[in-house]
Structures are given as C-alpha cells and as structure tokens.
$ cat data.pdb   # PDB, N, CA and C atoms
MODEL        1
ATOM      1  N   MET A   1      16.730 234.121 139.029
ATOM      2  CA  MET A   1      15.530 234.208 138.224
ATOM      3  C   MET A   1      14.960 232.819 138.024
ATOM      4  N   ASN A   2      13.683 232.805 137.737
ATOM      5  CA  ASN A   2      13.008 231.530 137.500
ATOM      6  C   ASN A   2      13.197 231.108 136.058
ATOM      7  N   GLU A   3      13.505 229.865 135.899
ATOM      8  CA  GLU A   3      13.607 229.332 134.543
ATOM      9  C   GLU A   3      12.306 228.597 134.228
ATOM     10  N   THR A   4      11.713 228.915 133.110
ATOM     11  CA  THR A   4      10.482 228.239 132.710
ATOM     12  C   THR A   4      10.765 227.348 131.529
ATOM     13  N   LYS A   5      10.083 226.231 131.525
ATOM     14  CA  LYS A   5      10.198 225.321 130.382
ATOM     15  C   LYS A   5       9.206 225.790 129.323
ATOM     16  N   HIS A   6       9.690 225.960 128.143
ATOM     17  CA  HIS A   6       8.824 226.456 127.076
ATOM     18  C   HIS A   6       7.928 225.374 126.506
ATOM     19  N   GLY A   7       8.214 224.133 126.776
ATOM     20  CA  GLY A   7       7.419 223.040 126.218
ATOM     21  C   GLY A   7       6.287 222.588 127.112
ATOM     22  N   VAL A   8       6.040 223.247 128.241
ATOM     23  CA  VAL A   8       5.010 222.806 129.172
ATOM     24  C   VAL A   8       4.032 223.948 129.412
ATOM     25  N   HIS A   9       2.728 223.619 129.343
ATOM     26  CA  HIS A   9       1.695 224.599 129.646
ATOM     27  C   HIS A   9       1.625 224.813 131.140
ATOM     28  N   GLN A  10       0.754 225.696 131.557
ATOM     29  CA  GLN A  10       0.590 225.963 132.980
ATOM     30  C   GLN A  10       0.061 224.748 133.728
ATOM     31  N   HIS A  11      -0.711 223.914 133.077
ATOM     32  CA  HIS A  11      -1.321 222.766 133.741
ATOM     33  C   HIS A  11      -0.429 221.535 133.710
ATOM     34  N   GLY A  12       0.730 221.627 133.154
ATOM     35  CA  GLY A  12       1.661 220.528 133.169
ATOM     36  C   GLY A  12       1.602 219.618 131.955
ATOM     37  N   THR A  13       0.813 219.953 130.959
ATOM     38  CA  THR A  13       0.740 219.117 129.761
ATOM     39  C   THR A  13       1.711 219.646 128.723
ATOM     40  N   PRO A  14       2.337 218.772 128.001
ATOM     41  CA  PRO A  14       3.252 219.229 126.956
ATOM     42  C   PRO A  14       2.520 220.070 125.921
ATOM     43  N   ALA A  15       3.164 221.084 125.426
ATOM     44  CA  ALA A  15       2.520 222.055 124.554
ATOM     45  C   ALA A  15       2.108 221.452 123.219
ATOM     46  N   ARG A  16       2.998 220.798 122.532
ATOM     47  CA  ARG A  16       2.698 220.333 121.184
ATOM     48  C   ARG A  16       2.164 218.911 121.151
ATOM     49  N   GLU A  17       2.378 218.146 122.168
ATOM     50  CA  GLU A  17       1.963 216.746 122.151
ATOM     51  C   GLU A  17       0.498 216.577 122.528
ATOM     52  N   SER A  18      -0.060 217.476 123.340
ATOM     53  CA  SER A  18      -1.429 217.298 123.804
ATOM     54  C   SER A  18      -2.458 217.826 122.815
ATOM     55  N   ILE A  19      -2.078 218.695 121.923
ATOM     56  CA  ILE A  19      -3.019 219.288 120.970
ATOM     57  C   ILE A  19      -3.071 218.413 119.730
ATOM     58  N   ARG A  20      -4.268 217.912 119.447
ATOM     59  CA  ARG A  20      -4.463 217.080 118.259
ATOM     60  C   ARG A  20      -5.207 217.900 117.226
ATOM     61  N   HIS A  21      -4.577 218.127 116.119
ATOM     62  CA  HIS A  21      -5.182 218.949 115.064
ATOM     63  C   HIS A  21      -5.860 218.037 114.058
ATOM     64  N   GLU A  22      -7.202 218.079 114.036
ATOM     65  CA  GLU A  22      -7.966 217.348 113.036
ATOM     66  C   GLU A  22      -8.363 218.319 111.941
ATOM     67  N   PRO A  23      -8.437 217.825 110.726
ATOM     68  CA  PRO A  23      -8.926 218.725 109.672
ATOM     69  C   PRO A  23     -10.394 219.058 109.925
ATOM     70  N   PRO A  24     -10.859 220.182 109.427
ATOM     71  CA  PRO A  24     -12.264 220.541 109.621
ATOM     72  C   PRO A  24     -13.188 219.499 109.000
ATOM     73  N   TYR A  25     -14.448 219.482 109.470
ATOM     74  CA  TYR A  25     -15.388 218.463 109.023
ATOM     75  C   TYR A  25     -15.594 218.493 107.520
ATOM     76  N   TRP A  26     -15.651 219.674 106.919
ATOM     77  CA  TRP A  26     -15.928 219.749 105.485
ATOM     78  C   TRP A  26     -14.806 219.142 104.668
ATOM     79  N   LYS A  27     -13.602 219.017 105.231
ATOM     80  CA  LYS A  27     -12.514 218.380 104.489
ATOM     81  C   LYS A  27     -12.547 216.864 104.598
ATOM     82  N   ARG A  28     -13.138 216.330 105.676
ATOM     83  CA  ARG A  28     -13.181 214.885 105.833
ATOM     84  C   ARG A  28     -14.591 214.322 105.642
ATOM     85  N   ALA A  29     -15.535 215.159 105.208
ATOM     86  CA  ALA A  29     -16.924 214.728 105.064
ATOM     87  C   ALA A  29     -17.100 213.709 103.951
ATOM     88  N   HIS A  30     -16.275 213.762 102.918
ATOM     89  CA  HIS A  30     -16.448 212.846 101.790
ATOM     90  C   HIS A  30     -16.155 211.395 102.169
ATOM     91  N   LYS A  31     -15.656 211.147 103.352
ATOM     92  CA  LYS A  31     -15.401 209.780 103.805
ATOM     93  C   LYS A  31     -16.598 209.185 104.528
ATOM     94  N   SER A  32     -17.617 209.983 104.777
ATOM     95  CA  SER A  32     -18.791 209.542 105.513
ATOM     96  C   SER A  32     -19.850 208.986 104.562
ATOM     97  N   TRP A  33     -20.501 207.884 104.964
ATOM     98  CA  TRP A  33     -21.547 207.289 104.124
ATOM     99  C   TRP A  33     -22.771 208.196 104.088
ATOM    100  N   ILE A  34     -22.981 208.981 105.118
ATOM    101  CA  ILE A  34     -24.132 209.886 105.153
ATOM    102  C   ILE A  34     -23.993 210.947 104.071
ATOM    103  N   PHE A  35     -22.789 211.434 103.859
ATOM    104  CA  PHE A  35     -22.534 212.419 102.813
ATOM    105  C   PHE A  35     -22.891 211.853 101.457
ATOM    106  N   TRP A  36     -22.485 210.618 101.180
ATOM    107  CA  TRP A  36     -22.724 210.030  99.860
ATOM    108  C   TRP A  36     -24.200 209.712  99.637
ATOM    109  N   VAL A  37     -24.913 209.300 100.678
ATOM    110  CA  VAL A  37     -26.360 209.066 100.540
ATOM    111  C   VAL A  37     -27.059 210.384 100.231
ATOM    112  N   ALA A  38     -26.713 211.439 100.948
ATOM    113  CA  ALA A  38     -27.314 212.745 100.694
ATOM    114  C   ALA A  38     -26.963 213.244  99.299
ATOM    115  N   PHE A  39     -25.731 213.003  98.856
ATOM    116  CA  PHE A  39     -25.300 213.429  97.526
ATOM    117  C   PHE A  39     -26.111 212.720  96.442
ATOM    118  N   VAL A  40     -26.300 211.413  96.576
ATOM    119  CA  VAL A  40     -27.050 210.648  95.569
ATOM    120  C   VAL A  40     -28.512 211.098  95.546
ATOM    121  N   LEU A  41     -29.116 211.287  96.717
ATOM    122  CA  LEU A  41     -30.512 211.723  96.764
ATOM    123  C   LEU A  41     -30.680 213.128  96.177
ATOM    124  N   MET A  42     -29.748 214.009  96.451
ATOM    125  CA  MET A  42     -29.829 215.359  95.896
ATOM    126  C   MET A  42     -29.652 215.337  94.383
ATOM    127  N   PHE A  43     -28.715 214.542  93.898
ATOM    128  CA  PHE A  43     -28.507 214.434  92.460
ATOM    129  C   PHE A  43     -29.745 213.845  91.779
ATOM    130  N   ALA A  44     -30.373 212.843  92.402
ATOM    131  CA  ALA A  44     -31.595 212.263  91.839
ATOM    132  C   ALA A  44     -32.724 213.289  91.806
ATOM    133  N   ALA A  45     -32.846 214.091  92.862
ATOM    134  CA  ALA A  45     -33.895 215.115  92.896
ATOM    135  C   ALA A  45     -33.674 216.158  91.807
ATOM    136  N   ILE A  46     -32.438 216.563  91.594
ATOM    137  CA  ILE A  46     -32.137 217.538  90.540
ATOM    138  C   ILE A  46     -32.432 216.942  89.168
ATOM    139  N   ALA A  47     -32.060 215.681  88.955
ATOM    140  CA  ALA A  47     -32.316 215.036  87.664
ATOM    141  C   ALA A  47     -33.813 214.911  87.400
ATOM    142  N   ILE A  48     -34.585 214.536  88.404
ATOM    143  CA  ILE A  48     -36.042 214.429  88.241
ATOM    144  C   ILE A  48     -36.637 215.795  87.944
ATOM    145  N   PHE A  49     -36.183 216.818  88.626
ATOM    146  CA  PHE A  49     -36.696 218.170  88.415
ATOM    147  C   PHE A  49     -36.424 218.641  86.996
ATOM    148  N   VAL A  50     -35.218 218.408  86.502
ATOM    149  CA  VAL A  50     -34.858 218.865  85.162
ATOM    150  C   VAL A  50     -35.594 218.063  84.096
ATOM    151  N   MET A  51     -35.671 216.758  84.253
ATOM    152  CA  MET A  51     -36.302 215.917  83.225
ATOM    153  C   MET A  51     -37.820 216.028  83.225
ATOM    154  N   SER A  52     -38.425 216.480  84.323
ATOM    155  CA  SER A  52     -39.883 216.556  84.369
ATOM    156  C   SER A  52     -40.412 217.940  84.014
ATOM    157  N   ASP A  53     -39.575 218.785  83.443
ATOM    158  CA  ASP A  53     -39.981 220.136  83.047
ATOM    159  C   ASP A  53     -40.485 220.908  84.255
ATOM    160  N   ASN A  54     -39.645 221.031  85.256
ATOM    161  CA  ASN A  54     -39.920 221.781  86.481
ATOM    162  C   ASN A  54     -41.101 221.205  87.269
ATOM    163  N   LEU A  55     -41.225 219.903  87.277
ATOM    164  CA  LEU A  55     -42.252 219.186  88.027
ATOM    165  C   LEU A  55     -43.677 219.578  87.617
ATOM    166  N   SER A  56     -43.863 219.973  86.372
ATOM    167  CA  SER A  56     -45.202 220.315  85.916
ATOM    168  C   SER A  56     -45.975 219.034  85.650
ATOM    169  N   LEU A  57     -47.237 219.060  85.976
ATOM    170  CA  LEU A  57     -48.072 217.871  85.790
ATOM    171  C   LEU A  57     -48.586 217.769  84.359
ATOM    172  N   LEU A  58     -48.795 218.906  83.733
ATOM    173  CA  LEU A  58     -49.254 218.912  82.356
ATOM    174  C   LEU A  58     -48.095 219.329  81.456
ATOM    175  N   PRO A  59     -47.953 218.672  80.317
ATOM    176  CA  PRO A  59     -46.860 219.064  79.423
ATOM    177  C   PRO A  59     -47.110 220.456  78.862
ATOM    178  N   ARG A  60     -46.036 221.146  78.602
ATOM    179  CA  ARG A  60     -46.169 222.479  78.006
ATOM    180  C   ARG A  60     -46.568 222.327  76.556
ATOM    181  N   GLY A  61     -47.445 223.115  76.159
ATOM    182  CA  GLY A  61     -47.934 223.105  74.791
ATOM    183  C   GLY A  61     -48.837 224.310  74.631
ATOM    184  N   GLU A  62     -49.770 224.190  73.732
ATOM    185  CA  GLU A  62     -50.718 225.278  73.564
ATOM    186  C   GLU A  62     -51.669 225.287  74.752
ATOM    187  N   PRO A  63     -51.911 226.454  75.311
ATOM    188  CA  PRO A  63     -52.833 226.510  76.453
ATOM    189  C   PRO A  63     -54.255 226.188  76.004
ATOM    190  N   GLU A  64     -55.003 225.600  76.912
ATOM    191  CA  GLU A  64     -56.388 225.251  76.588
ATOM    192  C   GLU A  64     -57.219 226.516  76.470
ATOM    193  N   PRO A  65     -58.113 226.573  75.492
ATOM    194  CA  PRO A  65     -58.984 227.750  75.388
ATOM    195  C   PRO A  65     -59.943 227.784  76.575
ATOM    196  N   PRO A  66     -60.353 228.973  76.988
ATOM    197  CA  PRO A  66     -61.290 229.039  78.129
ATOM    198  C   PRO A  66     -62.604 228.361  77.779
ATOM    199  N   ARG A  67     -63.115 227.638  78.719
ATOM    200  CA  ARG A  67     -64.371 226.911  78.495
ATOM    201  C   ARG A  67     -65.545 227.859  78.689
ATOM    202  N   SER A  68     -66.494 227.763  77.773
ATOM    203  CA  SER A  68     -67.702 228.555  77.941
ATOM    204  C   SER A  68     -68.696 227.706  78.703
ATOM    205  N   ASP A  69     -69.175 228.228  79.783
ATOM    206  CA  ASP A  69     -70.083 227.473  80.629
ATOM    207  C   ASP A  69     -71.514 227.798  80.211
ATOM    208  N   SER A  70     -72.132 226.891  79.448
ATOM    209  CA  SER A  70     -73.481 227.127  78.929
ATOM    210  C   SER A  70     -74.544 226.858  79.971
ATOM    211  N   SER A  71     -74.229 226.285  81.069
ATOM    212  CA  SER A  71     -75.249 225.978  82.084
ATOM    213  C   SER A  71     -75.599 227.203  82.924
ATOM    214  N   ARG A  72     -74.858 228.282  82.836
ATOM    215  CA  ARG A  72     -75.134 229.482  83.627
ATOM    216  C   ARG A  72     -76.275 230.306  83.036
ATOM    217  N   LYS A  73     -76.578 230.162  81.777
ATOM    218  CA  LYS A  73     -77.609 230.994  81.144
ATOM    219  C   LYS A  73     -78.961 230.599  81.510
TER
ENDMDL
END
$ encode --input "data.pdb" --output "structure tokens"
Amino acid sequence: MNETKHGVHQHGTPARESIRHEPPYWKRAHKSWIFWVAFVLMFAAIAIFVMSDNLSLLPRGEPEPPRSDSSRK
C-alpha cells in the first residue's frame, strides 16, 4: 500500500507551515491611521449636528406669523 505523509499537501507544500492566518481586517483596523482620521471626522460631524439643533439655520422659537402682503390689493 502507498504511505502518504499527512503533513504535505498535494502540491508539496507543508500543510500547517504554508498557511498564514491573519486576523480579519475589522480586528486590526484600529491600528490604521485612516481609521482614526475617519473616527475623528465622524465624531466631529455628530457633535456639530447635535450642538447645532439638527443643523437648523434658524433657532427654534415661536414661529413667525404669516406676512400679509398689502401690495397685492
């Protein structure tokens, strides 16, 4: 009978030595400067949105009464 080596793939590479297991990107993303720049910009956008009352241009208060247009008569 043929004896096969269990540690070698069909192509001749060692089974456990050739496979490099890297953690997924989302686990190592916090080491990237791009992640931190995006995080700071997103946090700044959220802070501006909350502090500006939902980006409204006019402050909330009593609504202006409708203007009567006297030039139409």
$ atom_distance --input "data.pdb" --atom1 "atom C of A:Lys31" --atom2 "atom N of A:Phe43"
17.0 Å
$ atom_distance --input "data.pdb" --atom1 "atom CA of A:Trp26" --atom2 "atom N of A:Phe39"
13.6 Å
$ atom_distance --input "data.pdb" --atom1 "atom CA of A:Ile34" --atom2 "atom CA of A:Ile48"
21.2 Å
$ axis_aligned_box --input "data.pdb" --around "stretch 49-56 of chain A" --padding-each-side "8 Å" --output "JSON"
{"center_x": -40.4, "center_y": 218.8, "center_z": 85.8, "size_x": 27.1, "size_y": 21.9, "size_z": 21.6}
